[in-house]
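Remarks on the structure that follows.
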Amino acid sequence: MPNASRKIVAVGAIVVLAAGILVFPSLAPNPYILSSGVLVLNYAVLATSWNFVGGFTGYISLGHGALAGLGGYATGLLATKAGMPSFAALALAGLLVAALAVPLGMAALRVRGASFVIVSIALVLILLLVFQSWASFTGGSRGLVVPRPFDLTRPEHHRVFYFLFAGLLGVALLVWWLLDRSRFGLGLKSIREDEDKAEALGTPTFTYKLIVFVVSAGFTALAGGLYALWFGDLDPVFQFSILTGSYVVLMALLGGVRNLFGPVVGALIVGSALEYFKVEYGDTPLHLVATGLLLALVVIFMPDGILPAIGDLFRRFDRTRRSSIREVTAAELRDQRKAAV
Amino acid sequence: MPINHFRSTAAALGSATILALTGCSGDGSGGGENTSDPIVVGISLPLTGDFSEPGKGVQEGYEAWAKVVNDKGGLLGRQVELKILDDQSNADRVVADYEQLIGKDQVDLVVGPFSTRLVVPSARVAEEYDMLFVEPAGAAKEVFEQGFKNLFYAAPAVANDHYNHLAEHILALPPDQRPKTAAYAAMDDPFAQGTAYGLKEKLEAGGVKTVVNEVYPPNTTDFSGIAAKVAAAKADVLVGGSQYQDGVNLIVALQQLGYQPKLAAFSTAPTNPEFAKAIGNKTEGILSPTGYSQDAPYESNKEFVEKFKAQFGKEPEEDQANGYTTGQVVAAAVTAVGCAEQGECQKKLVDWLHSNKVDTVVGPLSWDATGKPQGAHMIQQWVGNDIKIVLPSDVKEAEFVYPKPAW
Amino acid sequence: MLVLQSIVLGLLLGGLYALLAAGLTLYFGIMRVVMIAHSAFLILAAYLAWWMHDRFGLDPLLSMVVTVPLFFAAGVALQRLLLTRLRPATLTMMSVLLTFAIALGVEGLLGYAFTGTQRRIQLGYGSASLELFGARIAVVKLIAFVLAAVALTSLYVLMKRTRFGWALRATIQHRDAARLLGIDTERVAGYGFGIGLATAAIGGTALSLDTTIYPSLHWHWIGPLMAIIVVGGLGSVPGAAAAAMVLGMAQSLLQIPMGTTWAQTVFYVALFATLAFRPQGFFGGRLAQRF
């Protein structure tokens, strides 16, 4: 596919996606559907935030649920204990979690692969313990009630937060896109392809990984904080759940981690599927089996995600294009470099 | 989307704001009260996940209630239909469930889920949709501190008041018999902790020293550490703020360490039918507060026990009774006010309940402005091979045994 | 007195941790796979023991006659049929997700088959105990410990004294070199996985003797086990066993001043401290430096 038509497809996809997201609230037949829309958008933001680490560096974190929970609790605690206005609390919560991500990242990213995953799981479990046990500060199992930022009826409340989540998603996508095109992004991708070679060629791999981890944590915390303002009741068991993290990974992988919109598409599919499974097979724990099965299928058969898989399908008919094992051809790379400078 | 779930009555009479704001046009069949339409009661219960066991108990209670009501011709001449969703014991889900029941399925009434953790978020949904919310399980005091105006707890007492009769009795013992020290072990759960800490407060005020105060997470399976502490402190009184299995585990761990308290009280666990077998039948003298007794003399209780046995082939327990009571409370309000749909009607139901007393299988119930019931729980004790009411003395079935025989 | 009691309890707990961590370490050593589903299989084995006891009145220890071979076969199948399909370049990451997916599936199926109700085997000797220097040792805990100790010792003997153990260690140390020596590394890896999963069967039986089980219990175990294998140095079986004993003991002793909940944090503190100051682990683990 030549560059021009590629751009048209990309722009078209963006327009369709944006229009779809913006029109949805007026089409939603009842507040329940609208609230499901908020949940799906929340997942989309989480999956996109996750993809800063997963997509650029190939490091798979199962602990992003914990960062979101942390963002939620930070927002809630700043609003209730420090009496801050809701959205100031949200912004500060994002910064705080990003700052916390620095030492976390330093411990987790020093070692490759296995340890990183272990740390990410441990993060969820330890935060659950701490937030559950430190009841005098966090409310513990009694939960934390986050004050409503606006005095609205419930359907209006959903509508406002729907657009807030859509806005946050837009910002996260924009930042991802900018990073993707930058020299910095190129360095990150070299880590994904071969960390040793990247390091040998002089890429400061550790710093790069740390920066992108911090950005990812910040966005995740903002999503978690916004969720807290929307939902209103925080409980450690549900905020620090290992399932949230796994859903996010599933979404990103299913959509495709190398793709700007991959995680969003994944979130739409998995988020709707979760809701569907819930409505149809709600009274059995088979939704866990379904999630597990889907994740296993993606990992074994489609590790690059659904968007590239569909792309491959089209390309199979398009014999003129020569397949390359590289993600970009040398010529494209040169163009990208020119554009980035 | 199953269109038949759209309730025409609600679309016609129901909340105009919701419809206007979401652009919902109703289902068009509209128009007036139809007496042949069933009254749909929306419920979300934990049928899977951590609270699934009590959740299923509450479900049976609701089902028994619906059957009894329908066998008598329904409410306001309309049949009662339950729409039960599973919240997987998850707070996100419970909110989505009530959102779905009220917003999408347009049910006429909603009643509560199980577990305090789920009651607060779901009550908020009901509150923000101006729905009456009678609930069978949110016993912790936090539930009543959220400023909910539409919430009613359908049981005799909140968690912190469960042991009131026991505390009175202990403190009234002659000084030479009165226990000196107490050990508390409570699950980190608002309900379970509430029961233990309600008693702790009263005993401490009465001069019984607290020597151990342990809180364990709900997922704890190994109780040997806690048991070691309790046993080492040799407390006279042992209070377990337990659900079911944790209480059993704690008792077994204490038995392994050979600890013998003079008095042992556990919330919930000892009333479970499996309890005696689970701790090797060494139950003699174990205490438990209860809000419900199958032998209670209240008029509707006989009917409940009889019909429940016929329907499910077993005796109803406290969870089942709670569900049934919730139904009774709602039914009383609906019958008195004469309506059951979303909108204006809900406010009338709420107002009626605030100013009236309702007769139920757990006795007459009335509520304060926060929806807190105004009563106390009975205290039961294992005597012989059965659990019997020992306090308060006017309803007792057996004498209070103290000190407790060895287990 | 309380301290002595806690030391005894810590020792008994550490033994079980050691056995389970040994299994996890084997997988990692053989294939660089972090097996999240290990503790899910642990719970599965415990459920099978409970079910056979509940249904047929079999002593839980007898259930191992069925579960150990079954789990061994499942382990071999898992390695040969699923893990080998993953791309070598992203094996570590993707295997985490794959085994995570398996864990979810096992949890869901357990919930489907046995509901979320907490279960516990009721044994005639459930509350019996022995006295030792003033500390009390529950018989069931002692049986669990002996089971773990015997299994660990057999594993040690198998790895150090047999021809298969020699091949397994060679495969762990240097797969390519092992292949050049004529070792069928694929098959050895499969058997190694089987042995790893068999430890979960034994551990699950031991677990079922004295604790309550429920489908989502495996999350409760996976955190401490992960911490143990990192602290022990990924890939080192003796390291994992040593770390398990130390951390199990620490957890039990810390319960006295800190309470049950906070005492659990010792695993995570140890994990973060290890990664921050000594990423290769404290007990050997040449492999960990590269992973």
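In the structure tokens, the first chain shown is A, the next is B, and so on; residue numbers restart at 1 for each chain, and ligands run from 1 in the order shown.
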**Study point:** Residue hits in chain A, query chain B, radius 9 Å, only C-alpha atoms, as a PyMOL selection string
**Key:** chain A and resi 25-36+129+132-133+140-143+145+153-156+231-235+237-238+278-279+282-285
Please, could you write that set of residues out with C-alpha atoms as a tab-separated table (two decimals), in the first residue's frame?
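Below is the file that was written, result-v9.tsv:
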```
chain	number	residue	atom	x	y	z
A	25	PRO	CA	-24.65	8.82	23.99
A	26	SER	CA	-27.50	10.24	21.89
A	27	LEU	CA	-28.22	6.77	20.50
A	28	ALA	CA	-28.08	4.97	23.83
A	29	PRO	CA	-31.67	3.93	24.53
A	30	ASN	CA	-31.35	4.06	28.31
A	31	PRO	CA	-28.94	5.04	31.07
A	32	TYR	CA	-27.81	1.47	31.51
A	33	ILE	CA	-26.40	1.29	27.98
A	34	LEU	CA	-24.79	4.67	28.53
A	35	SER	CA	-23.15	3.49	31.74
A	36	SER	CA	-21.83	0.42	29.89
A	129	LEU	CA	-3.11	-5.89	51.36
A	132	GLN	CA	-7.33	-3.30	52.99
A	133	SER	CA	-5.33	-3.27	56.20
A	140	GLY	CA	-10.32	-0.48	54.39
A	141	SER	CA	-13.11	-2.90	53.70
A	142	ARG	CA	-15.65	-0.24	54.67
A	143	GLY	CA	-14.81	1.39	51.40
A	145	VAL	CA	-16.96	7.20	49.27
A	153	THR	CA	-29.22	13.26	37.90
A	154	ARG	CA	-27.72	9.86	37.29
A	155	PRO	CA	-28.20	9.72	33.51
A	156	GLU	CA	-26.67	13.20	33.15
A	231	PHE	CA	-18.35	5.41	40.28
A	232	GLY	CA	-18.23	6.98	43.72
A	233	ASP	CA	-17.53	3.91	45.87
A	234	LEU	CA	-14.07	2.44	46.20
A	235	ASP	CA	-13.36	-0.92	47.77
A	237	VAL	CA	-10.98	-5.80	46.71
A	238	PHE	CA	-12.38	-4.39	43.47
A	278	LYS	CA	-22.54	-11.17	31.97
A	279	VAL	CA	-26.07	-10.72	30.68
A	282	GLY	CA	-24.16	-14.24	34.31
A	283	ASP	CA	-24.99	-16.78	36.97
A	284	THR	CA	-22.07	-19.11	36.39
A	285	PRO	CA	-18.34	-18.51	36.73
```
Mind checking which residues fall within 10 Å of range 379-381 of chain B, counting only C-alpha atoms, ignoring those fewer than 2 positions away in the same chain, and posting them as a tab-separated table (two decimals) with N, CA and C atoms, in the first residue's frame?
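Full text of result.tsv as output:
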```tsv
chain	number	residue	atom	x	y	z
B	162	HIS	N	-25.91	-6.51	67.68
B	162	HIS	CA	-26.27	-7.93	67.71
B	162	HIS	C	-26.09	-8.56	69.09
B	163	TYR	N	-25.02	-8.15	69.79
B	163	TYR	CA	-24.69	-8.82	71.06
B	163	TYR	C	-25.21	-8.07	72.28
B	164	ASN	N	-26.10	-7.10	72.09
B	164	ASN	CA	-26.52	-6.29	73.23
B	164	ASN	C	-27.00	-7.11	74.42
B	165	HIS	N	-27.82	-8.12	74.14
B	165	HIS	CA	-28.34	-8.93	75.24
B	165	HIS	C	-27.22	-9.69	75.95
B	166	LEU	N	-26.24	-10.16	75.16
B	166	LEU	CA	-25.15	-10.92	75.75
B	166	LEU	C	-24.30	-10.02	76.65
B	264	ALA	N	-17.52	-18.52	74.47
B	264	ALA	CA	-17.11	-18.32	73.07
B	264	ALA	C	-18.31	-17.93	72.24
B	265	ALA	N	-18.24	-16.80	71.58
B	265	ALA	CA	-19.35	-16.33	70.76
B	265	ALA	C	-18.87	-16.05	69.35
B	270	PRO	N	-22.14	-20.42	63.92
B	270	PRO	CA	-22.79	-21.51	64.66
B	270	PRO	C	-24.22	-21.82	64.23
B	271	THR	N	-24.86	-20.92	63.52
B	271	THR	CA	-26.24	-21.20	63.11
B	271	THR	C	-26.29	-21.99	61.81
B	283	THR	N	-19.60	-28.70	70.03
B	283	THR	CA	-20.25	-27.40	69.95
B	283	THR	C	-20.73	-26.87	71.29
B	284	GLU	N	-20.78	-27.73	72.29
B	284	GLU	CA	-21.49	-27.38	73.53
B	284	GLU	C	-21.10	-26.00	74.07
B	285	GLY	N	-22.08	-25.15	74.25
B	285	GLY	CA	-21.86	-23.86	74.89
B	285	GLY	C	-21.50	-22.72	73.96
B	286	ILE	N	-21.30	-22.98	72.67
B	286	ILE	CA	-20.95	-21.91	71.75
B	286	ILE	C	-22.16	-21.00	71.51
B	287	LEU	N	-21.90	-19.68	71.52
B	287	LEU	CA	-22.96	-18.69	71.41
B	287	LEU	C	-23.00	-18.04	70.04
B	288	SER	N	-24.17	-17.57	69.67
B	288	SER	CA	-24.28	-16.84	68.42
B	288	SER	C	-25.51	-15.94	68.46
B	289	PRO	N	-25.38	-14.71	67.96
B	289	PRO	CA	-26.57	-13.87	67.89
B	289	PRO	C	-27.37	-14.26	66.66
B	290	THR	N	-28.66	-14.12	66.72
B	290	THR	CA	-29.44	-14.39	65.52
B	290	THR	C	-30.64	-13.45	65.45
B	291	GLY	N	-30.97	-13.10	64.26
B	291	GLY	CA	-32.12	-12.24	64.05
B	291	GLY	C	-33.36	-13.06	63.74
B	293	SER	N	-35.48	-16.98	64.21
B	293	SER	CA	-35.62	-18.32	64.75
B	293	SER	C	-36.82	-18.98	64.10
B	376	ALA	N	-32.94	-5.49	68.74
B	376	ALA	CA	-31.70	-6.20	69.07
B	376	ALA	C	-31.87	-7.66	68.66
B	377	HIS	N	-30.75	-8.36	68.58
B	377	HIS	CA	-30.81	-9.76	68.19
B	377	HIS	C	-30.96	-10.67	69.41
B	383	VAL	N	-26.88	-26.13	73.11
B	383	VAL	CA	-27.18	-26.86	74.33
B	383	VAL	C	-27.62	-28.25	73.90
B	384	GLY	N	-26.95	-29.28	74.45
B	384	GLY	CA	-27.23	-30.62	73.95
B	384	GLY	C	-26.77	-30.66	72.50
B	386	ASP	N	-28.35	-29.13	69.96
B	386	ASP	CA	-29.17	-28.20	69.21
B	386	ASP	C	-28.83	-26.78	69.63
B	387	ILE	N	-29.11	-25.84	68.74
B	387	ILE	CA	-28.85	-24.46	69.10
B	387	ILE	C	-30.18	-23.84	69.54
B	388	LYS	N	-30.16	-23.22	70.74
B	388	LYS	CA	-31.40	-22.73	71.34
B	388	LYS	C	-31.26	-21.30	71.81
B	389	ILE	N	-32.39	-20.61	71.83
B	389	ILE	CA	-32.36	-19.24	72.31
B	389	ILE	C	-32.18	-19.22	73.83
B	390	VAL	N	-31.19	-18.45	74.30
B	390	VAL	CA	-30.98	-18.37	75.75
B	390	VAL	C	-31.19	-16.95	76.28
B	391	LEU	N	-31.09	-15.96	75.41
B	391	LEU	CA	-31.28	-14.56	75.80
B	391	LEU	C	-32.07	-13.86	74.70
B	392	PRO	N	-32.85	-12.85	75.02
B	392	PRO	CA	-33.26	-12.37	76.34
B	392	PRO	C	-34.15	-13.39	77.04
B	393	SER	N	-34.25	-13.26	78.36
B	393	SER	CA	-34.86	-14.33	79.13
B	393	SER	C	-36.36	-14.51	78.84
B	396	LYS	N	-36.54	-17.17	76.07
B	396	LYS	CA	-35.53	-18.24	76.07
B	396	LYS	C	-36.15	-19.62	75.95
B	397	GLU	N	-35.37	-20.52	75.29
B	397	GLU	CA	-35.79	-21.92	75.16
B	397	GLU	C	-34.95	-22.80	76.06
B	398	ALA	N	-33.81	-22.25	76.56
B	398	ALA	CA	-32.94	-23.04	77.43
B	398	ALA	C	-32.19	-22.07	78.34
B	399	GLU	N	-31.58	-22.64	79.39
B	399	GLU	CA	-30.80	-21.81	80.31
B	399	GLU	C	-29.43	-21.50	79.72
B	400	PHE	N	-28.93	-20.31	80.00
B	400	PHE	CA	-27.60	-19.91	79.56
B	400	PHE	C	-26.55	-20.76	80.27
B	401	VAL	N	-25.67	-21.41	79.50
B	401	VAL	CA	-24.64	-22.25	80.09
B	401	VAL	C	-23.34	-21.46	80.24
```
**Study point:** Spatial neighbours of Gly74 in chain B, max dist 12 Å, only C-alpha atoms, sep filter under 6 positions, as number ranges by chain
**Key:** B: 35-40, 65-68, 80-81, 331, 334-335
Counting only C-alpha atoms, chain A residues within 6 Å of chain C, as an mmCIF file with N, CA and C atoms, in the first residue's frame:
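Final file, out33.cif:
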```
data_model
loop_
_atom_site.group_PDB
_atom_site.id
_atom_site.type_symbol
_atom_site.label_atom_id
_atom_site.label_comp_id
_atom_site.auth_asym_id
_atom_site.auth_seq_id
_atom_site.Cartn_x
_atom_site.Cartn_y
_atom_site.Cartn_z
ATOM 1 N N ALA A 107 12.813 -0.702 40.192
ATOM 2 C CA ALA A 107 12.935 -2.071 40.704
ATOM 3 C C ALA A 107 12.523 -3.073 39.637
ATOM 4 N N ARG A 112 14.994 -8.236 33.217
ATOM 5 C CA ARG A 112 14.188 -8.461 32.029
ATOM 6 C C ARG A 112 12.981 -9.329 32.304
ATOM 7 N N ALA A 122 2.856 -8.791 41.804
ATOM 8 C CA ALA A 122 3.066 -8.539 43.235
ATOM 9 C C ALA A 122 2.517 -7.176 43.623
ATOM 10 N N PRO A 285 -19.675 -19.108 36.845
ATOM 11 C CA PRO A 285 -18.343 -18.509 36.730
ATOM 12 C C PRO A 285 -17.716 -18.770 35.369
ATOM 13 N N LEU A 286 -18.532 -19.115 34.386
ATOM 14 C CA LEU A 286 -17.955 -19.443 33.081
ATOM 15 C C LEU A 286 -17.373 -18.226 32.371
ATOM 16 N N LEU A 288 -15.149 -16.458 33.515
ATOM 17 C CA LEU A 288 -13.701 -16.592 33.721
ATOM 18 C C LEU A 288 -13.112 -17.533 32.677
ATOM 19 N N VAL A 289 -13.810 -18.632 32.437
ATOM 20 C CA VAL A 289 -13.329 -19.606 31.449
ATOM 21 C C VAL A 289 -13.288 -18.939 30.071
ATOM 22 N N GLY A 292 -10.366 -16.645 29.917
ATOM 23 C CA GLY A 292 -9.142 -17.419 29.828
ATOM 24 C C GLY A 292 -8.945 -18.009 28.443
ATOM 25 N N LEU A 295 -8.033 -15.351 25.921
ATOM 26 C CA LEU A 295 -6.655 -14.917 26.108
ATOM 27 C C LEU A 295 -5.695 -15.967 25.555
ATOM 28 N N ALA A 296 -5.964 -17.242 25.841
ATOM 29 C CA ALA A 296 -5.090 -18.308 25.357
ATOM 30 C C ALA A 296 -5.085 -18.343 23.832
#
```
Check your understanding: Residues of chain B within 9 Å of chain C, using only C-alpha atoms, as a PyMOL selection string?
Key -> chain B and resi 47-53+214-217+219-226+228-229+231-232+244-246+249+252-258+277-280
Practice item. Rounded to one decimal place, report the CA of Gly170 in chain A-CA of Thr48 in chain A distance in Å. Key: 10.0 Å
Review point. CA of Ser241 in chain A and CA of Leu70 in chain A are how many Å apart?
Key: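 Separation of CA of Ser241 in chain A and CA of Leu70 in chain A: 11.4 Å.
The gap separating CA of Val119 in chain B from CA of Trp352 in chain B is 21.8 Å, in Å to one decimal.
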Practice item. Name the residues of range 101-291 of chain C that come out as strand (DSSP E or B) in a backbone DSSP run; write them as an MDAnalysis selection string. Key: chainID C and resid 119 129:132 135:138 213
Would you save the residues of that selection, restricted to N, CA and C atoms, as an mmCIF file, in the first residue's frame?
```cif
data_model
loop_
_atom_site.group_PDB
_atom_site.id
_atom_site.type_symbol
_atom_site.label_atom_id
_atom_site.label_comp_id
_atom_site.auth_asym_id
_atom_site.auth_seq_id
_atom_site.Cartn_x
_atom_site.Cartn_y
_atom_site.Cartn_z
ATOM 1 N N ARG C 119 -14.724 -24.888 51.074
ATOM 2 C CA ARG C 119 -14.792 -26.309 51.423
ATOM 3 C C ARG C 119 -13.658 -26.646 52.363
ATOM 4 N N SER C 129 -3.506 -33.034 68.164
ATOM 5 C CA SER C 129 -2.196 -32.400 68.126
ATOM 6 C C SER C 129 -1.221 -33.112 69.052
ATOM 7 N N LEU C 130 0.067 -32.886 68.816
ATOM 8 C CA LEU C 130 1.136 -33.441 69.644
ATOM 9 C C LEU C 130 1.765 -32.286 70.405
ATOM 10 N N GLU C 131 2.395 -32.595 71.527
ATOM 11 C CA GLU C 131 3.063 -31.529 72.259
ATOM 12 C C GLU C 131 4.562 -31.738 72.182
ATOM 13 N N LEU C 132 5.275 -30.628 71.935
ATOM 14 C CA LEU C 132 6.724 -30.717 71.790
ATOM 15 C C LEU C 132 7.333 -29.502 72.487
ATOM 16 N N ALA C 135 5.273 -26.439 72.738
ATOM 17 C CA ALA C 135 4.569 -26.006 71.530
ATOM 18 C C ALA C 135 3.662 -27.146 71.078
ATOM 19 N N ARG C 136 2.558 -26.774 70.425
ATOM 20 C CA ARG C 136 1.666 -27.818 69.968
ATOM 21 C C ARG C 136 1.741 -27.939 68.448
ATOM 22 N N ILE C 137 1.810 -29.171 67.994
ATOM 23 C CA ILE C 137 1.880 -29.394 66.553
ATOM 24 C C ILE C 137 0.649 -30.178 66.134
ATOM 25 N N ALA C 138 -0.144 -29.573 65.267
ATOM 26 C CA ALA C 138 -1.331 -30.270 64.792
ATOM 27 C C ALA C 138 -0.903 -31.441 63.925
ATOM 28 N N ILE C 213 -10.653 -24.428 51.174
ATOM 29 C CA ILE C 213 -10.326 -24.126 49.788
ATOM 30 C C ILE C 213 -11.528 -23.509 49.104
#
```
Check your understanding: Using only C-alpha atoms, which residues sit within 8 Å of Leu268 in chain A once same-chain residues fewer than 4 positions away are excluded, as JSON, numbers by chain?
Key -> {"A": [40, 41, 44, 264, 272]}
